[in-house]
Each structure stands twice: as structure tokens, then as C-alpha cells.
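Okay, structure.cif now, which holds mmCIF, C-alpha atoms:
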data_protein
#
loop_
_atom_site.label_atom_id
_atom_site.label_comp_id
_atom_site.auth_asym_id
_atom_site.auth_seq_id
_atom_site.Cartn_x
_atom_site.Cartn_y
_atom_site.Cartn_z
CA MET A 244 -8.57 -32.44 16.99
CA ALA A 245 -7.19 -35.04 14.58
CA LEU A 246 -8.04 -38.52 15.80
CA ALA A 247 -5.91 -41.59 15.33
CA LYS A 248 -6.49 -45.21 16.22
CA ASP A 249 -4.20 -47.34 18.37
CA LYS A 250 -2.66 -44.45 20.25
CA VAL A 251 -2.40 -44.05 23.97
CA GLY A 252 -2.95 -40.61 25.51
CA ILE A 253 -0.45 -39.69 28.22
CA ILE A 254 -1.62 -36.96 30.59
CA SER A 255 0.92 -35.45 32.94
CA CYS A 256 0.06 -33.38 35.99
CA SER A 257 3.11 -31.12 35.36
CA GLY A 258 2.63 -29.81 38.92
CA GLU A 259 4.49 -26.51 39.14
CA ASP A 260 4.89 -26.46 42.90
CA LEU A 261 6.75 -29.77 43.29
CA PRO A 262 9.90 -31.24 41.71
CA GLU A 263 7.88 -34.42 41.10
CA GLY A 264 5.66 -32.40 38.75
CA THR A 265 8.67 -31.63 36.59
CA ILE A 266 9.65 -35.31 36.64
CA SER A 267 6.13 -36.27 35.47
CA ARG A 268 6.33 -33.75 32.65
CA VAL A 269 9.82 -34.72 31.47
CA ALA A 270 9.04 -38.46 31.71
CA THR A 271 5.91 -37.93 29.59
CA ARG A 272 7.90 -36.08 26.94
CA ILE A 273 10.59 -38.79 26.93
CA VAL A 274 7.88 -41.34 26.09
CA LEU A 275 6.37 -39.08 23.42
CA GLU A 276 9.64 -38.07 21.81
CA LYS A 277 11.91 -41.05 22.31
CA LEU A 278 10.42 -44.27 23.69
CA ARG A 279 7.02 -44.60 21.97
CA PRO A 280 6.67 -41.67 19.52
CA ASP A 281 4.37 -43.58 17.16
CA ASP A 282 2.08 -44.92 19.87
CA THR A 283 1.42 -41.94 22.10
CA VAL A 284 -0.18 -38.49 22.14
CA THR A 285 -0.72 -35.93 24.88
CA ILE A 286 -2.89 -33.00 25.90
CA CYS A 287 -2.36 -30.24 28.46
CA LEU A 288 -4.32 -31.19 31.58
CA PRO A 289 -5.67 -27.65 32.31
CA LEU A 290 -6.99 -27.57 28.75
CA PHE A 291 -9.74 -29.95 29.84
CA LEU A 292 -11.29 -27.13 31.82
CA ALA A 293 -10.32 -24.23 29.58
CA GLY A 294 -10.92 -26.07 26.34
CA SER A 295 -13.86 -27.13 24.28
CA GLU A 296 -15.74 -30.41 23.91
CA ASP A 297 -13.03 -31.49 21.40
CA GLU A 298 -10.48 -31.59 24.19
CA ARG A 299 -12.88 -33.28 26.55
CA ALA A 300 -13.53 -36.01 23.97
CA PHE A 301 -9.83 -36.89 24.20
CA ALA A 302 -10.08 -39.71 26.74
CA ARG A 303 -13.28 -40.99 25.25
CA VAL A 304 -11.32 -41.62 22.06
CA PHE A 305 -7.94 -42.66 23.41
CA PRO A 306 -7.10 -45.03 26.25
CA THR A 307 -5.16 -42.84 28.67
CA ILE A 308 -2.39 -43.08 31.24
CA ALA A 309 -2.32 -40.41 33.96
CA VAL A 310 1.14 -39.45 35.20
CA ASP A 311 0.96 -37.80 38.60
CA GLY A 312 3.70 -36.26 40.69
CA CYS A 313 2.09 -36.78 44.07
CA SER A 314 -0.66 -38.63 45.90
CA LYS A 315 -3.22 -35.91 45.11
CA LYS A 316 -3.39 -37.46 41.62
CA CYS A 317 -4.65 -34.39 39.77
CA ALA A 318 -4.02 -35.94 36.34
CA GLU A 319 -6.03 -39.04 37.20
CA THR A 320 -8.86 -37.05 38.83
CA GLY A 321 -8.95 -34.40 36.10
CA THR A 322 -8.99 -36.90 33.26
CA LYS A 323 -11.76 -38.87 34.95
CA LYS A 324 -13.77 -35.73 35.73
CA PHE A 325 -13.56 -34.01 32.36
CA SER A 326 -12.95 -36.78 29.90
CA GLY A 327 -12.92 -40.46 30.91
CA LYS A 328 -11.32 -42.81 33.41
CA PRO A 329 -7.60 -43.43 32.71
CA VAL A 330 -6.65 -47.05 32.02
CA ALA A 331 -3.61 -46.67 34.29
CA THR A 332 -2.08 -44.17 36.69
CA ILE A 333 1.59 -43.75 37.44
CA VAL A 334 2.58 -41.79 40.54
CA VAL A 335 6.13 -40.42 40.55
CA SER A 336 6.37 -40.30 44.35
CA GLU A 337 5.54 -44.03 44.43
CA ILE A 338 8.19 -44.90 41.84
CA MET A 339 10.71 -42.82 43.79
CA LYS A 340 10.35 -45.25 46.70
CA LYS A 341 11.87 -47.96 44.51
CA TYR A 342 14.96 -45.80 43.92
CA PRO A 343 15.81 -44.25 47.29
CA SER A 344 19.26 -43.25 46.06
CA LEU A 345 17.74 -40.94 43.42
CA LYS A 346 16.83 -37.65 45.10
CA VAL A 347 14.79 -34.87 43.49
CA LYS A 348 15.13 -31.23 44.45
CA SER A 349 14.99 -28.99 41.40
CA LYS A 350 11.89 -27.91 39.55
CA GLU A 351 13.50 -26.07 36.67
CA LYS A 352 16.60 -27.85 35.37
CA LEU A 353 16.96 -31.51 36.22
CA SER A 354 20.31 -32.81 37.44
CA PRO A 355 21.73 -36.03 35.88
CA GLU A 356 20.32 -37.92 38.89
CA GLU A 357 16.87 -36.38 38.40
CA MET A 358 17.02 -37.12 34.67
CA GLU A 359 17.79 -40.72 35.56
CA LEU A 360 14.61 -40.84 37.66
CA ALA A 361 12.61 -39.25 34.81
CA ARG A 362 13.90 -42.01 32.51
CA LYS A 363 12.85 -44.69 35.03
CA VAL A 364 9.35 -43.17 35.18
CA ALA A 365 9.30 -42.97 31.36
CA GLU A 366 10.15 -46.68 31.14
CA GLU A 367 7.23 -47.50 33.45
CA ILE A 368 4.91 -45.42 31.26
CA ALA A 369 6.22 -47.15 28.10
CA LYS A 370 5.57 -50.55 29.70
CA LYS A 371 1.95 -49.55 30.34
CA VAL A 372 1.61 -48.28 26.77
CA ASP A 373 2.73 -51.68 25.47
CA GLU A 374 0.33 -53.48 27.79
CA ILE A 375 -2.58 -51.33 26.65
CA LEU A 376 -1.85 -51.71 22.94
CA CYS A 377 -1.38 -55.48 23.26
CA LYS A 378 -4.71 -55.70 25.10
CA LYS A 379 -6.34 -53.85 22.21
CA ILE A 380 -4.85 -56.24 19.62
CA LYS A 381 -6.27 -59.26 21.51
CA MET B 93 1.05 -4.63 57.33
CA LYS B 94 0.56 -7.98 55.55
CA LYS B 95 3.30 -8.60 52.99
CA CYS B 96 2.34 -8.87 49.33
CA LYS B 97 2.75 -12.36 47.89
CA VAL B 98 2.05 -12.67 44.19
CA ILE B 99 1.04 -16.07 42.82
CA VAL B 100 2.62 -16.72 39.42
CA ILE B 101 0.96 -19.58 37.55
CA PRO B 102 2.27 -20.80 34.19
CA CYS B 103 0.14 -22.98 31.94
CA SER B 104 3.02 -25.48 31.57
CA GLY B 105 1.60 -26.51 28.20
CA ILE B 106 3.23 -29.83 27.41
CA GLY B 107 2.70 -29.87 23.65
CA LYS B 108 4.81 -26.89 22.62
CA SER B 109 8.04 -25.18 23.67
CA LEU B 110 6.20 -21.98 24.65
CA GLY B 111 4.63 -23.84 27.59
CA THR B 112 8.13 -24.66 28.80
CA VAL B 113 9.23 -21.05 28.24
CA GLY B 114 6.43 -19.87 30.58
CA ARG B 115 7.29 -22.52 33.15
CA VAL B 116 11.04 -21.78 33.11
CA ALA B 117 10.38 -18.02 33.30
CA THR B 118 8.16 -18.59 36.35
CA TYR B 119 10.90 -20.53 38.17
CA LYS B 120 13.40 -17.79 37.39
CA VAL B 121 11.10 -15.31 39.12
CA ILE B 122 10.02 -17.36 42.14
CA GLU B 123 13.43 -18.92 42.82
CA GLN B 124 15.91 -16.24 41.79
CA LEU B 125 14.49 -12.81 40.95
CA ARG B 126 11.65 -12.29 43.48
CA PRO B 127 11.74 -15.27 45.87
CA ASN B 128 10.31 -13.29 48.79
CA ASP B 129 7.43 -11.72 46.89
CA THR B 130 6.20 -14.63 44.80
CA ARG B 131 5.24 -18.26 44.81
CA THR B 132 3.44 -20.65 42.48
CA VAL B 133 0.57 -23.09 42.80
CA CYS B 134 0.09 -26.27 40.77
CA LEU B 135 -2.35 -25.30 38.03
CA ALA B 136 -3.76 -28.83 37.86
CA LEU B 137 -4.46 -28.72 41.60
CA LEU B 138 -6.30 -25.44 41.17
CA THR B 139 -8.21 -26.87 38.22
CA MET B 140 -9.30 -29.79 40.40
CA GLY B 141 -10.74 -27.33 42.93
CA ASP B 142 -8.30 -28.00 45.78
CA PRO B 143 -9.52 -25.77 48.66
CA GLU B 144 -6.03 -24.57 49.67
CA ALA B 145 -5.09 -23.71 46.07
CA ARG B 146 -8.40 -21.83 45.66
CA ARG B 147 -7.86 -19.94 48.88
CA LEU B 148 -4.39 -18.87 47.77
CA VAL B 149 -5.58 -17.46 44.44
CA LYS B 150 -8.52 -15.68 46.06
CA GLU B 151 -6.48 -14.06 48.81
CA ASN B 152 -3.43 -13.07 46.75
CA PRO B 153 -2.95 -11.26 43.45
CA CYS B 154 -2.18 -13.68 40.62
CA ILE B 155 -0.30 -13.43 37.34
CA SER B 156 -1.12 -15.97 34.65
CA ILE B 157 1.54 -17.00 32.12
CA ASP B 158 0.12 -18.65 29.03
CA GLY B 159 1.87 -20.24 26.08
CA CYS B 160 -1.02 -20.30 23.63
CA PRO B 161 -4.35 -18.58 22.92
CA ALA B 162 -6.27 -21.27 24.88
CA GLN B 163 -5.05 -19.31 27.95
CA CYS B 164 -5.49 -22.23 30.33
CA SER B 165 -3.82 -20.49 33.25
CA LYS B 166 -5.87 -17.30 32.95
CA LYS B 167 -9.15 -19.18 32.44
CA ASN B 168 -8.54 -21.54 35.35
CA ILE B 169 -7.65 -18.68 37.72
CA GLU B 170 -10.82 -16.87 36.65
CA ALA B 171 -12.91 -20.04 37.02
CA SER B 172 -11.54 -20.38 40.57
CA LYS B 173 -12.62 -16.78 41.32
CA GLY B 174 -8.97 -15.84 41.76
CA ASP B 175 -7.63 -12.29 41.98
CA LEU B 176 -6.12 -12.03 38.48
CA ALA B 177 -3.86 -8.97 38.47
CA TYR B 178 -2.11 -9.54 35.13
CA SER B 179 -2.19 -11.96 32.28
CA ILE B 180 0.97 -12.52 30.24
CA MET B 181 0.96 -14.27 26.87
CA VAL B 182 4.30 -15.76 25.83
CA THR B 183 3.19 -15.51 22.19
CA ASP B 184 2.88 -11.70 22.53
CA ILE B 185 6.42 -11.45 23.87
CA LEU B 186 7.68 -13.74 21.11
CA ARG B 187 6.03 -11.42 18.58
CA GLU B 188 8.07 -8.54 20.03
CA ASN B 189 11.21 -10.68 19.68
CA ARG B 190 10.73 -12.21 16.26
CA GLY B 191 14.38 -13.18 15.88
CA LEU B 192 14.04 -15.82 18.58
CA LYS B 193 13.10 -19.39 17.60
CA PRO B 194 12.42 -21.30 20.81
CA GLU B 195 12.53 -25.07 20.53
CA GLY B 196 12.39 -28.03 22.90
CA VAL B 197 10.02 -29.08 25.66
CA ILE B 198 12.24 -31.30 27.84
CA GLN B 199 15.10 -28.84 27.43
CA LEU B 200 14.83 -25.41 25.81
CA ASN B 201 17.37 -24.40 23.18
CA THR B 202 19.48 -21.28 23.77
CA GLN B 203 16.91 -19.03 22.09
CA GLY B 204 14.16 -20.53 24.20
CA GLU B 205 16.21 -19.81 27.32
CA LYS B 206 16.69 -16.23 26.10
CA LEU B 207 12.95 -15.83 25.59
CA ALA B 208 12.36 -17.24 29.09
CA GLU B 209 14.70 -14.54 30.47
CA ILE B 210 12.70 -11.85 28.68
CA VAL B 211 9.39 -13.29 29.92
CA ALA B 212 10.83 -13.46 33.45
CA ARG B 213 11.75 -9.75 33.31
CA LYS B 214 8.21 -8.94 32.18
CA ILE B 215 6.80 -10.99 35.09
CA VAL B 216 9.07 -9.12 37.54
CA GLU B 217 7.77 -5.79 36.18
CA LYS B 218 4.21 -6.94 36.84
CA VAL B 219 5.08 -8.39 40.26
CA ASP B 220 6.63 -5.11 41.39
CA ASP B 221 3.69 -3.15 40.06
CA THR B 222 1.20 -5.52 41.72
CA CYS B 223 3.04 -5.31 45.06
CA THR B 224 3.08 -1.50 44.95
CA ARG B 225 -0.63 -1.35 44.15
CA THR B 226 -1.46 -3.92 46.83
CA ILE B 227 0.50 -2.03 49.49
CA PHE B 228 -1.37 1.20 48.66
CA ARG B 229 -4.68 -0.69 48.69
CA ARG B 230 -3.95 -2.11 52.13
CA MET B 231 -2.77 1.22 53.65
#

Target encoding C-alpha cells, full file:
Amino acid sequence: MALAKDKVGIISCSGEDLPEGTISRVATRIVLEKLRPDDTVTICLPLFLAGSEDERAFARVFPTIAVDGCSKKCAETGTKKFSGKPVATIVVSEIMKKYPSLKVKSKEKLSPEEMELARKVAEEIAKKVDEILCKKIK
Amino acid sequence: MKKCKVIVIPCSGIGKSLGTVGRVATYKVIEQLRPNDTRTVCLALLTMGDPEARRLVKENPCISIDGCPAQCSKKNIEASKGDLAYSIMVTDILRENRGLKPEGVIQLNTQGEKLAEIVARKIVEKVDDTCTRTIFRRM
């Protein structure tokens, strides 16, 4: 694994059984591709178990943000268990409470409303990324 | 007789488009093509050792869908002592369809969608086969 300094690792639960899992995944990719492409990296969560020590060293090298779809917080627990404690955790179902008008139903293709929610979650992740990198500069 | 329910679990790899292909193909199967015979389980939940997720993969035949040679879905089902009936590699199906160039993780391009359709058909083949074998086994 190529290592880089001053990057934040974003780890999404990508839960297949819940629409919130798709929101966590899409929000993570929005941060990686559009909002903070130079500041962030990711790894597949199940790779912690299936992968080698290289993968497990991930969170020992990078500060991480876990992005979870539901209160079971698999991304947070998994990162902590196999790699290192995340600096922050974002739970999609919690953020959804702030936007009661945005409903999520689909797991495969997100509607414009669901994409809007994914963007809101992505903005929250980006905010945390900025906080973490500023803390490191201090 | 207990009805066969096949658990289809994609790796959902977030780094490459083939993870999305596996995920999209899985939804095509569980929501449109075989909604009564299949369901999915969150792979991360299984990885974390959730008792209900473990019970489901032990008591039902599973099909893993993996986007890369790390085979996270297959390995995590095996590590959970799940009943792995088939393992599908998206890369193998891409090799059989070399003309397709899937791209995109948030949203697949048209060729990615086409590959997902092909993967979904392959999953359906394995689901039907698994159900037939399970029915005979339970007779």
C-alpha cells in the first residue's frame, strides 16, 4: 500500500441491506471524487478481515472517519477492531433526522432527493476532514 | 417443505467500478429477477460477527459476488462458517466480455450497467441451481 502524509481515510459501511448503506457509500465517493480529492483515501471495510497486515495498517497510518448507515456502526467497530480507532464517526440515520423532508427508499439507484441527502452527508464528512487536517497542522 | 432462500452478498468494493457492478447486479436479482428466492445481508455486519447475520449465512445457501481477487465476500462468508454454494468473480465475467469498459463508482456508465446485467443473469443461474439442489437435499 502506498502511504501518503496528511490524508484522511474515509471508511464507509456500504451496508447492502439498507438504503442508508448506499447513502454512506455514495457520500464517501462524493468526498473522494469531488469535495476533498487531494485530502482523502479509502479502503473497502471487509478488506480488513480478508486482507493482509498492509490493509490493517491503514488506520494506524491515516486518521480515519467512519461513515455508518445505521446505529450498528459496523464501519466504526470494524476500523477499531482491525486497524485503529476512527477520529470521527458519521451516522447517516442521525443526519437524516436533521432533514426529515428527505426520504430514502432505494438501495440501487438514488433519486434526486436521495442524492441530495448523500451530498449533505458528504458535506458533513468534508467538514470533519478539514477539522482533522487543521488539527494536524497545529 | 421449507422454501429455499439464497443469500447473495456482494463485496461492494468502494475503490473500483467492479465493486459497484457486483452491488448493482445483486440488487437486480434480489429486487427484480428473484425477489422471492433471494435476499442480501450487509457484508460489514457479517464481518463484525453479528449473530443474526451469521445465523442467516449458516442456515441458507450463499452466493458471493466479488469485484477483485481479494475476494472479501467469499472470505468473510467462509470465516463466518457460512454455507457458500457459489462464488462469482466479476473480473472473470469481464474477461468473457472484453469489449465492455465499466467505469464509475457513484454511477456506472452504460457499459458498466451492461456488465451488471450479465452478472445478474449469472447470479440467477446459480440461484436457480442452488434452489433446485436444496429442494432435493431437503426431500

### Query
Between A:Thr283, A:Ser267, A:Ser336, A:Ser257, which is the closest to A:Val372 once you count all atoms listed in the file?
A:Thr283

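The interface of chain B with chain A at 8 Å, considering all atoms listed in the file, consists of Ile101, Pro102, Cys103, Ser104, Gly105, Ile106, Gly107, Arg115, Val116, Tyr119, Thr132, Val133, Cys134, Leu135, Ala136, Leu137, Thr139, Met140, Ala162, Gln163, Cys164, Ser165, Lys167, Asn168, Val197 and Ile198 of chain B.
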
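Closest approach to B:Val219 among B:Glu144, B:Lys150, B:Val113, B:Leu176: B:Leu176, based on all atoms listed in the file.
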
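Note that atom CA of A:Gly252 and atom CA of A:Lys328 are 11.7 Å apart.
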
What lies within 10 Å of B:Ser179 using only C-alpha atoms, ignoring chain neighbours under 5 positions off, as a PDB file with C-alpha atoms, in the coordinates of the input?
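After the write, part02.pdb holds the following:
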ATOM      1  CA  VAL B 100       2.620 -16.720  39.420  1.00  0.00           C
ATOM      2  CA  ILE B 101       0.960 -19.580  37.550  1.00  0.00           C
ATOM      3  CA  CYS B 154      -2.180 -13.680  40.620  1.00  0.00           C
ATOM      4  CA  ILE B 155      -0.300 -13.430  37.340  1.00  0.00           C
ATOM      5  CA  SER B 156      -1.120 -15.970  34.650  1.00  0.00           C
ATOM      6  CA  ILE B 157       1.540 -17.000  32.120  1.00  0.00           C
ATOM      7  CA  ASP B 158       0.120 -18.650  29.030  1.00  0.00           C
ATOM      8  CA  GLN B 163      -5.050 -19.310  27.950  1.00  0.00           C
ATOM      9  CA  SER B 165      -3.820 -20.490  33.250  1.00  0.00           C
ATOM     10  CA  LYS B 166      -5.870 -17.300  32.950  1.00  0.00           C
ATOM     11  CA  ILE B 215       6.800 -10.990  35.090  1.00  0.00           C
ATOM     12  CA  LYS B 218       4.210  -6.940  36.840  1.00  0.00           C
TER      13      LYS B 218
END

Which residues, written as a PDB file with C-alpha atoms, in the coordinates of the input, have at least one atom at most 8 Å from B:Pro194, with only C-alpha atoms counted and residues fewer than 3 positions away on the same chain left out?
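The resulting result_39.pdb:
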ATOM      1  CA  SER B 109       8.040 -25.180  23.670  1.00  0.00           C
ATOM      2  CA  LEU B 110       6.200 -21.980  24.650  1.00  0.00           C
ATOM      3  CA  LEU B 200      14.830 -25.410  25.810  1.00  0.00           C
ATOM      4  CA  ASN B 201      17.370 -24.400  23.180  1.00  0.00           C
ATOM      5  CA  THR B 202      19.480 -21.280  23.770  1.00  0.00           C
ATOM      6  CA  GLN B 203      16.910 -19.030  22.090  1.00  0.00           C
ATOM      7  CA  GLY B 204      14.160 -20.530  24.200  1.00  0.00           C
ATOM      8  CA  GLU B 205      16.210 -19.810  27.320  1.00  0.00           C
ATOM      9  CA  LEU B 207      12.950 -15.830  25.590  1.00  0.00           C
TER      10      LEU B 207
END

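Here atom CA of B:Val98 stands at a distance of 6.1 Å from atom CA of B:Asp129.
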
### Task
Would you kindly translate the PyMOL selection byres ((chain B and resi 211) around 8) into the concrete residues it picks from this file, as an MDAnalysis selection string?
chainID B and resid 113:114 117 182 185 207:210 212:215

### Task
Using the chain letters and residue numbers of this document, give as a ChimeraX atom specification the residues selected by the PyMOL selection byres ((chain A and resi 335) around 9).
/A:263-264,266-267,310-314,333-334,336-340,360-361,364

Restricting it to C-alpha atoms, dump the selection as an mmCIF file, in the coordinates of the input.
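What ended up in result26.cif:
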data_model
loop_
_atom_site.group_PDB
_atom_site.id
_atom_site.type_symbol
_atom_site.label_atom_id
_atom_site.label_comp_id
_atom_site.auth_asym_id
_atom_site.auth_seq_id
_atom_site.Cartn_x
_atom_site.Cartn_y
_atom_site.Cartn_z
ATOM 1 C CA GLU A 263 7.880 -34.420 41.100
ATOM 2 C CA GLY A 264 5.660 -32.400 38.750
ATOM 3 C CA ILE A 266 9.650 -35.310 36.640
ATOM 4 C CA SER A 267 6.130 -36.270 35.470
ATOM 5 C CA VAL A 310 1.140 -39.450 35.200
ATOM 6 C CA ASP A 311 0.960 -37.800 38.600
ATOM 7 C CA GLY A 312 3.700 -36.260 40.690
ATOM 8 C CA CYS A 313 2.090 -36.780 44.070
ATOM 9 C CA SER A 314 -0.660 -38.630 45.900
ATOM 10 C CA ILE A 333 1.590 -43.750 37.440
ATOM 11 C CA VAL A 334 2.580 -41.790 40.540
ATOM 12 C CA SER A 336 6.370 -40.300 44.350
ATOM 13 C CA GLU A 337 5.540 -44.030 44.430
ATOM 14 C CA ILE A 338 8.190 -44.900 41.840
ATOM 15 C CA MET A 339 10.710 -42.820 43.790
ATOM 16 C CA LYS A 340 10.350 -45.250 46.700
ATOM 17 C CA LEU A 360 14.610 -40.840 37.660
ATOM 18 C CA ALA A 361 12.610 -39.250 34.810
ATOM 19 C CA VAL A 364 9.350 -43.170 35.180
#

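As for atom CA of A:Glu298 and atom CA of B:Ala171, they are spaced 17.4 Å apart.
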
Output as AutoDock Vina command-line options the centre and edge lengths (Å, one decimal) of the box along x, y and z of the file that holds every listed atom of stretch 330-343 of chain A after adding 3 Å on each side.
--center_x 4.6 --center_y -44.1 --center_z 39.7 --size_x 28.5 --size_y 13.7 --size_z 21.3

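Near A:Arg303, within 12 Å and counting only C-alpha atoms, sit Leu246, Val251, Gly252, Glu296, Asp297, Glu298, Arg299, Ala300, Phe301, Phe305, Pro306, Thr307, Thr322, Lys323, Lys324, Phe325, Ser326, Gly327, Lys328, Pro329 and Val330 of chain A; same-chain residues fewer than 2 positions away were not included.
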
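Closest approach to A:Asp282 from the set A:Arg362, A:Lys341, A:Lys370, A:Lys348 is made by A:Lys370, with distances taken over only C-alpha atoms.
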